[in-house]
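Chemist: Next comes target.pdb, PDB, C-alpha atoms (C1' of nucleotides):
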ATOM      1  CA  MET K  35    -193.659 -54.214  64.429
ATOM      2  CA  ASN K  36    -194.273 -54.209  68.168
ATOM      3  CA  ILE K  37    -197.763 -53.977  69.570
ATOM      4  CA  SER K  38    -197.846 -50.222  70.016
ATOM      5  CA  ALA K  39    -196.788 -49.578  66.416
ATOM      6  CA  ALA K  40    -199.396 -52.055  65.212
ATOM      7  CA  SER K  41    -202.072 -50.502  67.385
ATOM      8  CA  LYS K  42    -201.253 -47.034  66.050
ATOM      9  CA  ALA K  43    -201.312 -48.322  62.492
ATOM     10  CA  ALA K  44    -204.646 -50.016  63.088
ATOM     11  CA  GLY K  45    -206.167 -47.161  65.068
ATOM     12  CA  LEU K  46    -206.913 -49.314  68.104
ATOM     13  CA  PRO K  47    -205.738 -49.137  71.725
ATOM     14  CA  VAL K  48    -202.935 -51.512  72.693
ATOM     15  CA  LYS K  49    -205.203 -53.160  75.238
ATOM     16  CA  THR K  50    -207.753 -53.904  72.568
ATOM     17  CA  VAL K  51    -205.189 -55.406  70.213
ATOM     18  CA  ARG K  52    -204.029 -57.663  73.024
ATOM     19  CA  TYR K  53    -207.623 -58.511  73.792
ATOM     20  CA  TYR K  54    -208.275 -59.455  70.173
ATOM     21  CA  ALA K  55    -205.252 -61.735  70.342
ATOM     22  CA  ASP K  56    -206.482 -63.281  73.594
ATOM     23  CA  ILE K  57    -209.864 -64.186  72.151
ATOM     24  CA  GLY K  58    -208.229 -65.584  69.053
ATOM     25  CA  LEU K  59    -209.626 -62.967  66.686
ATOM     26  CA  VAL K  60    -206.334 -61.606  65.374
ATOM     27  CA  GLN K  61    -203.244 -63.223  66.786
ATOM     28  CA  ALA K  62    -199.753 -61.746  66.446
ATOM     29  CA  PRO K  63    -198.053 -63.770  63.727
ATOM     30  CA  SER K  64    -194.939 -64.182  65.885
ATOM     31  CA  ARG K  65    -193.178 -63.286  69.101
ATOM     32  CA  SER K  66    -189.728 -61.812  69.715
ATOM     33  CA  ASP K  67    -187.166 -63.646  71.854
ATOM     34  CA  ALA K  68    -188.363 -61.618  74.832
ATOM     35  CA  GLY K  69    -191.943 -62.686  74.167
ATOM     36  CA  TYR K  70    -193.064 -59.434  72.560
ATOM     37  CA  ARG K  71    -195.881 -59.766  70.066
ATOM     38  CA  THR K  72    -194.652 -58.972  66.559
ATOM     39  CA  TYR K  73    -197.128 -57.827  63.932
ATOM     40  CA  ASP K  74    -196.800 -57.577  60.178
ATOM     41  CA  ASP K  75    -198.773 -55.658  57.560
ATOM     42  CA  ALA K  76    -201.187 -58.513  56.982
ATOM     43  CA  SER K  77    -202.187 -58.675  60.642
ATOM     44  CA  VAL K  78    -202.502 -54.885  60.787
ATOM     45  CA  ARG K  79    -204.851 -55.068  57.799
ATOM     46  CA  LYS K  80    -206.922 -57.594  59.702
ATOM     47  CA  LEU K  81    -207.003 -55.280  62.720
ATOM     48  CA  VAL K  82    -208.163 -52.414  60.510
ATOM     49  CA  PHE K  83    -210.797 -54.714  59.071
ATOM     50  CA  ILE K  84    -212.013 -55.466  62.590
ATOM     51  CA  ARG K  85    -211.970 -51.831  63.673
ATOM     52  CA  ARG K  86    -214.004 -50.759  60.687
ATOM     53  CA  SER K  87    -216.436 -53.638  61.108
ATOM     54  CA  ARG K  88    -216.861 -52.748  64.766
ATOM     55  CA  GLU K  89    -217.496 -49.125  63.795
ATOM     56  CA  PHE K  90    -220.231 -50.469  61.565
ATOM     57  CA  GLY K  91    -221.784 -52.061  64.614
ATOM     58  CA  PHE K  92    -220.847 -55.642  63.874
ATOM     59  CA  THR K  93    -220.339 -57.700  67.006
ATOM     60  CA  ILE K  94    -217.071 -59.492  67.661
ATOM     61  CA  GLU K  95    -218.689 -62.757  66.615
ATOM     62  CA  GLU K  96    -219.891 -61.184  63.387
ATOM     63  CA  CYS K  97    -216.375 -59.863  62.867
ATOM     64  CA  ARG K  98    -215.075 -63.371  63.327
ATOM     65  CA  GLU K  99    -217.555 -64.557  60.726
ATOM     66  CA  LEU K 100    -216.637 -61.730  58.341
ATOM     67  CA  LEU K 101    -212.942 -62.334  58.881
ATOM     68  CA  GLY K 102    -213.535 -65.962  58.031
ATOM     69  CA  LEU K 103    -215.084 -64.900  54.731
ATOM     70  CA  TYR K 104    -212.320 -62.360  54.243
ATOM     71  CA  GLN K 105    -209.656 -65.010  54.581
ATOM     72  CA  ASP K 106    -211.581 -67.599  52.654
ATOM     73  CA  GLN K 107    -210.437 -67.908  49.078
ATOM     74  CA  ASP K 108    -213.846 -69.172  48.058
ATOM     75  CA  ARG K 109    -215.719 -66.417  49.861
ATOM     76  CA  THR K 110    -218.853 -65.337  48.116
ATOM     77  CA  SER K 111    -219.944 -61.736  47.980
ATOM     78  CA  ALA K 112    -223.517 -63.021  48.367
ATOM     79  CA  GLU K 113    -222.771 -64.193  51.876
ATOM     80  CA  VAL K 114    -221.084 -60.930  52.818
ATOM     81  CA  LYS K 115    -223.956 -58.969  51.328
ATOM     82  CA  ARG K 116    -226.435 -61.042  53.296
ATOM     83  CA  ILE K 117    -224.695 -60.279  56.589
ATOM     84  CA  ALA K 118    -224.256 -56.603  55.765
ATOM     85  CA  SER K 119    -227.877 -56.274  54.686
ATOM     86  CA  LYS K 120    -229.051 -57.822  57.924
ATOM     87  CA  ARG K 121    -226.939 -55.291  59.808
ATOM     88  CA  LEU K 122    -228.380 -52.483  57.711
ATOM     89  CA  GLU K 123    -231.890 -53.492  58.636
ATOM     90  CA  GLU K 124    -230.942 -53.511  62.293
ATOM     91  CA  ILE K 125    -229.465 -50.039  61.939
ATOM     92  CA  GLU K 126    -232.657 -48.802  60.325
ATOM     93  CA  GLU K 127    -234.738 -50.302  63.117
ATOM     94  CA  LYS K 128    -232.503 -48.606  65.673
ATOM     95  CA  GLN K 129    -232.882 -45.338  63.824
ATOM     96  CA  ARG K 130    -236.654 -45.559  64.009
ATOM     97  CA  GLU K 131    -236.552 -46.328  67.736
ATOM     98  CA  LEU K 132    -234.124 -43.511  68.357
ATOM     99  CA  GLN K 133    -236.333 -41.143  66.388
ATOM    100  CA  SER K 134    -239.453 -41.823  68.443
ATOM    101  CA  LEU K 135    -237.399 -41.617  71.604
ATOM    102  CA  HIS K 136    -236.032 -38.305  70.412
ATOM    103  CA  ASP K 137    -239.418 -36.894  69.492
ATOM    104  CA  GLU K 138    -240.977 -37.879  72.794
ATOM    105  CA  LEU K 139    -238.148 -36.488  74.877
ATOM    106  CA  ALA K 140    -237.908 -33.316  72.775
ATOM    107  CA  HIS K 141    -241.603 -32.736  73.283
ATOM    108  CA  LEU K 142    -241.182 -33.065  77.039
ATOM    109  CA  VAL K 143    -238.149 -30.815  77.163
ATOM    110  CA  THR K 144    -239.860 -28.045  75.254
ATOM    111  CA  SER K 145    -243.005 -28.322  77.356
ATOM    112  CA  CYS K 146    -240.997 -27.973  80.579
ATOM    113  CA  ARG K 147    -240.734 -24.386  81.689
ATOM    114  CA  GLY K 148    -237.335 -24.943  83.272
ATOM    115  CA  ASP K 149    -237.826 -22.522  86.102
ATOM    116  CA  HIS K 150    -237.795 -23.329  89.777
ATOM    117  CA  ARG K 151    -241.431 -24.260  90.094
ATOM    118  CA  PRO K 152    -241.824 -27.887  91.137
ATOM    119  CA  ASP K 153    -244.296 -28.871  88.409
ATOM    120  CA  CYS K 154    -242.374 -30.514  85.639
ATOM    121  CA  PRO K 155    -244.003 -32.406  82.781
ATOM    122  CA  ILE K 156    -240.967 -34.643  82.348
ATOM    123  CA  ILE K 157    -241.314 -36.009  85.841
ATOM    124  CA  ASP K 158    -245.100 -36.159  85.596
ATOM    125  CA  TYR K 159    -244.769 -38.145  82.407
ATOM    126  CA  LEU K 160    -242.087 -40.506  83.590
ATOM    127  CA  GLY K 161    -243.858 -41.178  86.863
TER     128      GLY K 161
ATOM    129  CA  MET R 149    -248.143 -57.362  96.270
ATOM    130  CA  ASN R 150    -245.470 -60.017  95.727
ATOM    131  CA  ILE R 151    -242.597 -59.476  93.374
ATOM    132  CA  SER R 152    -244.170 -61.109  90.331
ATOM    133  CA  ALA R 153    -247.326 -58.982  90.610
ATOM    134  CA  ALA R 154    -245.190 -55.868  91.014
ATOM    135  CA  SER R 155    -243.002 -56.825  88.090
ATOM    136  CA  LYS R 156    -246.061 -57.347  85.880
ATOM    137  CA  ALA R 157    -247.521 -54.039  86.990
ATOM    138  CA  ALA R 158    -244.255 -52.275  86.279
ATOM    139  CA  GLY R 159    -243.565 -54.076  83.023
ATOM    140  CA  LEU R 160    -240.206 -55.393  84.168
ATOM    141  CA  PRO R 161    -238.824 -58.931  84.609
ATOM    142  CA  VAL R 162    -238.790 -60.261  88.171
ATOM    143  CA  LYS R 163    -235.031 -60.617  87.996
ATOM    144  CA  THR R 164    -234.675 -56.972  87.099
ATOM    145  CA  VAL R 165    -236.916 -55.837  89.951
ATOM    146  CA  ARG R 166    -234.805 -57.867  92.344
ATOM    147  CA  TYR R 167    -231.679 -56.406  90.783
ATOM    148  CA  TYR R 168    -232.979 -52.861  91.266
ATOM    149  CA  ALA R 169    -233.594 -53.706  94.908
ATOM    150  CA  ASP R 170    -230.086 -55.174  95.260
ATOM    151  CA  ILE R 171    -228.407 -52.036  93.961
ATOM    152  CA  GLY R 172    -230.597 -49.890  96.190
ATOM    153  CA  LEU R 173    -232.468 -48.207  93.362
ATOM    154  CA  VAL R 174    -235.983 -49.272  94.326
ATOM    155  CA  GLN R 175    -236.229 -51.359  97.448
ATOM    156  CA  ALA R 176    -239.324 -53.323  98.426
ATOM    157  CA  PRO R 177    -241.002 -51.295 101.188
ATOM    158  CA  SER R 178    -241.402 -54.423 103.332
ATOM    159  CA  ARG R 179    -241.003 -58.159 103.573
ATOM    160  CA  SER R 180    -243.481 -60.870 104.471
ATOM    161  CA  ASP R 181    -242.868 -63.225 107.411
ATOM    162  CA  ALA R 182    -241.338 -65.678 104.967
ATOM    163  CA  GLY R 183    -239.008 -62.994 103.663
ATOM    164  CA  TYR R 184    -240.925 -62.312 100.439
ATOM    165  CA  ARG R 185    -240.535 -58.788  99.078
ATOM    166  CA  THR R 186    -243.794 -56.913  99.343
ATOM    167  CA  TYR R 187    -244.461 -54.001  97.015
ATOM    168  CA  ASP R 188    -247.055 -51.267  97.143
ATOM    169  CA  ASP R 189    -248.388 -48.861  94.512
ATOM    170  CA  ALA R 190    -245.803 -46.209  95.342
ATOM    171  CA  SER R 191    -242.903 -48.567  94.726
ATOM    172  CA  VAL R 192    -244.514 -49.829  91.535
ATOM    173  CA  ARG R 193    -244.785 -46.218  90.362
ATOM    174  CA  LYS R 194    -241.080 -45.845  91.007
ATOM    175  CA  LEU R 195    -240.380 -49.005  89.029
ATOM    176  CA  VAL R 196    -242.434 -47.653  86.141
ATOM    177  CA  PHE R 197    -240.513 -44.407  86.419
ATOM    178  CA  ILE R 198    -237.265 -46.359  86.123
ATOM    179  CA  ARG R 199    -238.482 -48.487  83.227
ATOM    180  CA  ARG R 200    -239.544 -45.456  81.256
ATOM    181  CA  SER R 201    -236.352 -43.599  82.050
ATOM    182  CA  ARG R 202    -234.328 -46.594  80.921
ATOM    183  CA  GLU R 203    -236.368 -46.725  77.715
ATOM    184  CA  PHE R 204    -235.323 -43.121  77.195
ATOM    185  CA  GLY R 205    -231.748 -44.256  77.405
ATOM    186  CA  PHE R 206    -230.938 -42.904  80.835
ATOM    187  CA  THR R 207    -228.318 -44.964  82.625
ATOM    188  CA  ILE R 208    -229.033 -46.501  86.010
ATOM    189  CA  GLU R 209    -227.025 -43.733  87.673
ATOM    190  CA  GLU R 210    -229.010 -41.109  85.808
ATOM    191  CA  CYS R 211    -232.175 -42.892  86.922
ATOM    192  CA  ARG R 212    -230.939 -42.709  90.472
ATOM    193  CA  GLU R 213    -230.387 -39.002  90.012
ATOM    194  CA  LEU R 214    -233.807 -38.516  88.436
ATOM    195  CA  LEU R 215    -235.448 -40.590  91.139
ATOM    196  CA  GLY R 216    -233.787 -38.380  93.713
ATOM    197  CA  LEU R 217    -235.343 -35.341  92.089
ATOM    198  CA  TYR R 218    -238.616 -37.200  91.738
ATOM    199  CA  GLN R 219    -238.740 -37.923  95.437
ATOM    200  CA  ASP R 220    -237.423 -34.536  96.433
ATOM    201  CA  GLN R 221    -240.145 -32.182  97.524
ATOM    202  CA  ASP R 222    -237.997 -29.229  96.553
ATOM    203  CA  ARG R 223    -237.136 -30.617  93.172
ATOM    204  CA  THR R 224    -236.749 -28.019  90.474
ATOM    205  CA  SER R 225    -237.960 -28.566  86.972
ATOM    206  CA  ALA R 226    -234.866 -26.654  85.825
ATOM    207  CA  GLU R 227    -232.637 -29.452  87.085
ATOM    208  CA  VAL R 228    -234.756 -32.129  85.451
ATOM    209  CA  LYS R 229    -234.816 -30.162  82.228
ATOM    210  CA  ARG R 230    -231.047 -29.800  82.330
ATOM    211  CA  ILE R 231    -230.558 -33.568  82.632
ATOM    212  CA  ALA R 232    -233.165 -34.352  79.984
ATOM    213  CA  SER R 233    -231.702 -31.795  77.577
ATOM    214  CA  LYS R 234    -228.255 -33.270  77.990
ATOM    215  CA  ARG R 235    -229.702 -36.685  77.161
ATOM    216  CA  LEU R 236    -231.462 -35.225  74.150
ATOM    217  CA  GLU R 237    -228.192 -33.877  72.814
ATOM    218  CA  GLU R 238    -226.594 -37.279  73.251
ATOM    219  CA  ILE R 239    -229.455 -38.874  71.357
ATOM    220  CA  GLU R 240    -229.027 -36.388  68.520
ATOM    221  CA  GLU R 241    -225.311 -37.106  68.363
ATOM    222  CA  LYS R 242    -226.039 -40.823  68.218
ATOM    223  CA  GLN R 243    -228.557 -40.214  65.462
ATOM    224  CA  ARG R 244    -225.963 -38.385  63.376
ATOM    225  CA  GLU R 245    -223.430 -41.177  63.878
ATOM    226  CA  LEU R 246    -225.987 -43.819  63.031
ATOM    227  CA  GLN R 247    -226.961 -41.912  59.909
ATOM    228  CA  SER R 248    -223.437 -41.758  58.505
ATOM    229  CA  LEU R 249    -222.964 -45.396  59.431
ATOM    230  CA  HIS R 250    -226.163 -46.211  57.634
ATOM    231  CA  ASP R 251    -225.307 -44.233  54.518
ATOM    232  CA  GLU R 252    -221.887 -45.766  54.215
ATOM    233  CA  LEU R 253    -223.099 -49.317  54.706
ATOM    234  CA  ALA R 254    -226.098 -48.802  52.409
ATOM    235  CA  HIS R 255    -223.764 -47.569  49.699
ATOM    236  CA  LEU R 256    -221.622 -50.669  50.080
ATOM    237  CA  VAL R 257    -224.571 -53.032  50.087
ATOM    238  CA  THR R 258    -226.048 -51.578  46.920
ATOM    239  CA  SER R 259    -222.679 -51.615  45.162
ATOM    240  CA  CYS R 260    -222.169 -55.296  45.962
ATOM    241  CA  ARG R 261    -223.470 -57.540  43.215
ATOM    242  CA  GLY R 262    -224.363 -60.291  45.624
ATOM    243  CA  ASP R 263    -223.596 -63.138  43.323
ATOM    244  CA  HIS R 264    -221.002 -65.818  43.835
ATOM    245  CA  ARG R 265    -218.111 -63.928  42.380
ATOM    246  CA  PRO R 266    -215.390 -63.352  44.951
ATOM    247  CA  ASP R 267    -214.970 -59.622  44.387
ATOM    248  CA  CYS R 268    -217.033 -57.814  46.969
ATOM    249  CA  PRO R 269    -216.780 -54.064  47.600
ATOM    250  CA  ILE R 270    -217.803 -54.510  51.231
ATOM    251  CA  ILE R 271    -214.818 -56.677  51.982
ATOM    252  CA  ASP R 272    -212.527 -54.549  49.813
ATOM    253  CA  TYR R 273    -213.642 -51.502  51.713
ATOM    254  CA  LEU R 274    -213.407 -52.996  55.170
ATOM    255  CA  GLY R 275    -210.041 -54.533  54.470
TER     256      GLY R 275
ATOM    257  C1'  DC J 265    -251.151 -84.565 100.928
ATOM    258  C1'  DT J 266    -248.902 -83.656  97.032
ATOM    259  C1'  DA J 267    -247.527 -81.266  93.004
ATOM    260  C1'  DA J 268    -246.904 -77.055  90.970
ATOM    261  C1'  DT J 269    -245.722 -72.578  91.411
ATOM    262  C1'  DC J 270    -243.493 -68.823  93.708
ATOM    263  C1'  DT J 271    -239.873 -66.881  96.242
ATOM    264  C1'  DC J 272    -235.418 -66.544  98.390
ATOM    265  C1'  DT J 273    -230.084 -66.094  98.151
ATOM    266  C1'  DC J 274    -225.913 -66.725  96.015
ATOM    267  C1'  DC J 275    -222.857 -67.632  92.223
ATOM    268  C1'  DA J 276    -221.569 -67.172  87.558
ATOM    269  C1'  DG J 277    -221.819 -65.405  82.957
ATOM    270  C1'  DT J 278    -222.766 -61.987  79.203
ATOM    271  C1'  DA J 279    -220.108 -58.067  75.661
ATOM    272  C1'  DA J 280    -216.227 -55.810  74.781
ATOM    273  C1'  DC J 281    -213.331 -54.043  76.644
ATOM    274  C1'  DT J 282    -210.473 -51.039  80.419
ATOM    275  C1'  DG J 283    -207.474 -50.339  84.396
ATOM    276  C1'  DG J 284    -203.951 -51.647  87.312
ATOM    277  C1'  DA J 285    -200.342 -54.388  89.650
ATOM    278  C1'  DA J 286    -196.057 -56.793  89.398
ATOM    279  C1'  DG J 287    -192.373 -57.695  86.811
ATOM    280  C1'  DG J 288    -189.234 -58.361  82.491
ATOM    281  C1'  DT J 289    -186.894 -55.746  78.315
ATOM    282  C1'  DC J 290    -184.791 -52.283  75.615
ATOM    283  C1'  DA J 291    -182.626 -47.931  73.986
ATOM    284  C1'  DA J 292    -180.500 -43.660  75.116
ATOM    285  C1'  DG J 293    -177.965 -40.496  77.849
ATOM    286  C1'  DA J 294    -174.491 -39.151  81.804
TER     287       DA J 294
ATOM    288  C1'  DT C  30    -171.639 -48.983  83.038
ATOM    289  C1'  DC C  31    -175.439 -47.571  85.194
ATOM    290  C1'  DT C  32    -179.741 -45.765  85.290
ATOM    291  C1'  DT C  33    -183.912 -43.826  83.752
ATOM    292  C1'  DG C  34    -187.934 -44.159  81.294
ATOM    293  C1'  DA C  35    -190.661 -46.134  77.926
ATOM    294  C1'  DC C  36    -192.268 -50.322  76.442
ATOM    295  C1'  DC C  37    -193.678 -55.066  76.917
ATOM    296  C1'  DT C  38    -195.596 -59.253  79.429
ATOM    297  C1'  DT C  39    -199.324 -61.834  82.218
ATOM    298  C1'  DC C  40    -202.996 -61.976  85.303
ATOM    299  C1'  DC C  41    -206.739 -60.256  88.003
ATOM    300  C1'  DA C  42    -210.531 -57.279  88.700
ATOM    301  C1'  DG C  43    -214.032 -54.052  87.331
ATOM    302  C1'  DT C  44    -217.351 -51.996  84.138
ATOM    303  C1'  DT C  45    -223.036 -51.927  82.683
ATOM    304  C1'  DA C  46    -227.271 -53.765  83.309
ATOM    305  C1'  DC C  47    -228.774 -57.338  83.663
ATOM    306  C1'  DT C  48    -229.795 -62.835  82.940
ATOM    307  C1'  DG C  49    -229.583 -67.765  84.090
ATOM    308  C1'  DG C  50    -229.360 -71.377  87.191
ATOM    309  C1'  DA C  51    -228.774 -74.111  91.499
ATOM    310  C1'  DG C  52    -230.577 -75.322  95.783
ATOM    311  C1'  DA C  53    -233.801 -74.590  99.196
ATOM    312  C1'  DG C  54    -237.920 -72.804 101.614
ATOM    313  C1'  DA C  55    -243.109 -71.028 101.144
ATOM    314  C1'  DT C  56    -247.580 -71.057  99.398
ATOM    315  C1'  DT C  57    -251.539 -72.486  96.916
ATOM    316  C1'  DA C  58    -254.808 -75.535  94.148
ATOM    317  C1'  DG C  59    -256.856 -79.688  93.715
TER     318       DG C  59
END
Please rewrite the model in this file as structure tokens.

Modeler:
Amino acid sequence: MNISAASKAAGLPVKTVRYYADIGLVQAPSRSDAGYRTYDDASVRKLVFIRRSREFGFTIEECRELLGLYQDQDRTSAEVKRIASKRLEEIEEKQRELQSLHDELAHLVTSCRGDHRPDCPIIDYLG
Amino acid sequence: MNISAASKAAGLPVKTVRYYADIGLVQAPSRSDAGYRTYDDASVRKLVFIRRSREFGFTIEECRELLGLYQDQDRTSAEVKRIASKRLEEIEEKQRELQSLHDELAHLVTSCRGDHRPDCPIIDYLG
DNA sequence: CTAATCTCTCCAGTAACTGGAAGGTCAAGA
DNA sequence: TCTTGACCTTCCAGTTACTGGAGAGATTAG
């Protein structure tokens, strides 16, 4: 499987797959005579694993950590749960921040008349 | 007012204030004989304006746009409202994404036993 | 007078890619 | 067989919004 087939299968751009190889996250298992990266199902599964983890907001380093657990025969679900729980807490914190941001901005938007008069509560508030 | 006083007053790190000057967002109105940036209340107000806008998730370029309106005598609240509303929609979209992310991850975390057995639904799901 | 603190500029690095240039490879059609 | 176009390679640079640090000059307190 050449890189474009692998990237399609994994749902990632070619550039990103190459990038992941460069940083040693998921390397192509082999190269063709011409130097083309050749991927197999196992490496595509790893790429999918990374894509999903990234979608969950894990950083690349966290992905590396998770992938380590994933490939570790002796991996413990406790460790994975710990990392995922930590991430969940961060997501919840972000949700709270986003909510107060939303409420504040929504309040300003609704209190702004939106006509061509120069008085605008958004600007008054921000300034 | 030297840069550290201005940065305290604006609630921004010194480095960031200098950075904002470098990119031409908020320049120090003058310099001392020794070349020290000297800020006044007006520039501090602009820095506060930027800090708050950034807290609302506006990008630097959006801040530049907002600041232009802010400093424009003929600014229209309609324009400001348009920009703020657009941002609000983006925030709402992000909230929805974060919510589904949260729900999915929360489901996985609760379904993971968290003991030392190697079967872990989080990893099974991600992989 | 000296030591500490402040300020300056410039350079480099961060995260996680993305875009592009220059050049090699491969498969299909005329 | 040649050529066209799609694909692949590496390497370099740029993105966003800063942050850290080096090296050097300025200012202030004791």

Chemist: Expanded to explicit residues, what is the PyMOL selection byres ((chain K) within 10 of (chain J)) for this file, as a PyMOL selection string?

Modeler: chain K and resi 49-50+53-54+68-70+93-94

Chemist: Go ahead and compute the interatomic distance for atom CA of R:Val228 and atom CA of R:Ser201, in Å to one decimal.

Modeler: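 Value for the atom CA of R:Val228-atom CA of R:Ser201 distance: 12.1 Å.
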
Chemist: K:Glu89, K:Glu95, K:Glu138, K:Asp67: which is nearest chain C, counting all atoms listed in the file?

Modeler: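 Among K:Glu89, K:Glu95, K:Glu138, K:Asp67, it is K:Asp67 that comes nearest to chain C.
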
Chemist: Could you tell me how far atom CA of K:Cys97 sits from atom CA of K:Phe83, in Å to one decimal place?

Modeler: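 So the answer is 8.5 Å.
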
Chemist: Quick one: which residues from chain C are at most 8 Å off chain R, using all atoms listed in the file, as a ChimeraX atom specification?

Modeler: /C:46-48,55

Chemist: Near K:Arg116, counting all atoms listed in the file, which residues have an atom at most 10 Å away, once you skip same-chain residues fewer than 5 positions from it, shown as a PyMOL selection string?

Modeler: (chain K and resi 111+121-122) or (chain R and resi 257+262)

Chemist: Keeping only C-alpha atoms, take the residues you just selected and write them out as a PDB file, in the frame of the given file.

Modeler:
ATOM      1  CA  SER K 111    -219.944 -61.736  47.980  1.00  0.00           C
ATOM      2  CA  ARG K 121    -226.939 -55.291  59.808  1.00  0.00           C
ATOM      3  CA  LEU K 122    -228.380 -52.483  57.711  1.00  0.00           C
TER       4      LEU K 122
ATOM      5  CA  VAL R 257    -224.571 -53.032  50.087  1.00  0.00           C
ATOM      6  CA  GLY R 262    -224.363 -60.291  45.624  1.00  0.00           C
TER       7      GLY R 262
END

Chemist: Counting all atoms listed in the file, which of K:Ala112, K:Ile117, K:Val78, K:Leu46 gets nearest to chain R?

Modeler: K:Ala112

Chemist: In Å, how far is it from atom CA of R:Ser152 to atom CA of R:Ile198?

Modeler: 16.8 Å

Chemist: Find the residues near R:Ala232: any atom within 9 Å, counting all atoms listed in the file, skip ones fewer than 5 places away on the same chain, and give them as a list in words.

Modeler: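 Residues meeting the cut-off are Leu139, Ala140, Leu142, Val143 and Ile156 of chain K; Phe206, Glu227 and Glu237 of chain R.
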
Chemist: Choose the residue, out of K:Phe90, K:Ser64, K:Ile57, K:Lys120, that has the smallest atom-to-atom separation from chain R; count all atoms listed in the file.

Modeler: K:Phe90

Chemist: Restricting the calculation to only C-alpha atoms: of K:Asp137, K:Glu127, K:Asp74, K:Glu96, which residue gets closest to K:Met35?

Modeler: K:Asp74

Chemist: Could you check the closest approach to chain K for each of R:Arg212, R:Arg244, R:His250, R:Arg179 and tell me which residue wins, using all atoms listed in the file?

Modeler: R:His250

Chemist: Could you state which residues are captured by the PyMOL selection byres ((chain K and resi 55) around 12) in this file, as number ranges by chain?

Modeler: K: 37, 48-54, 56-64, 71-73, 77, 80-81
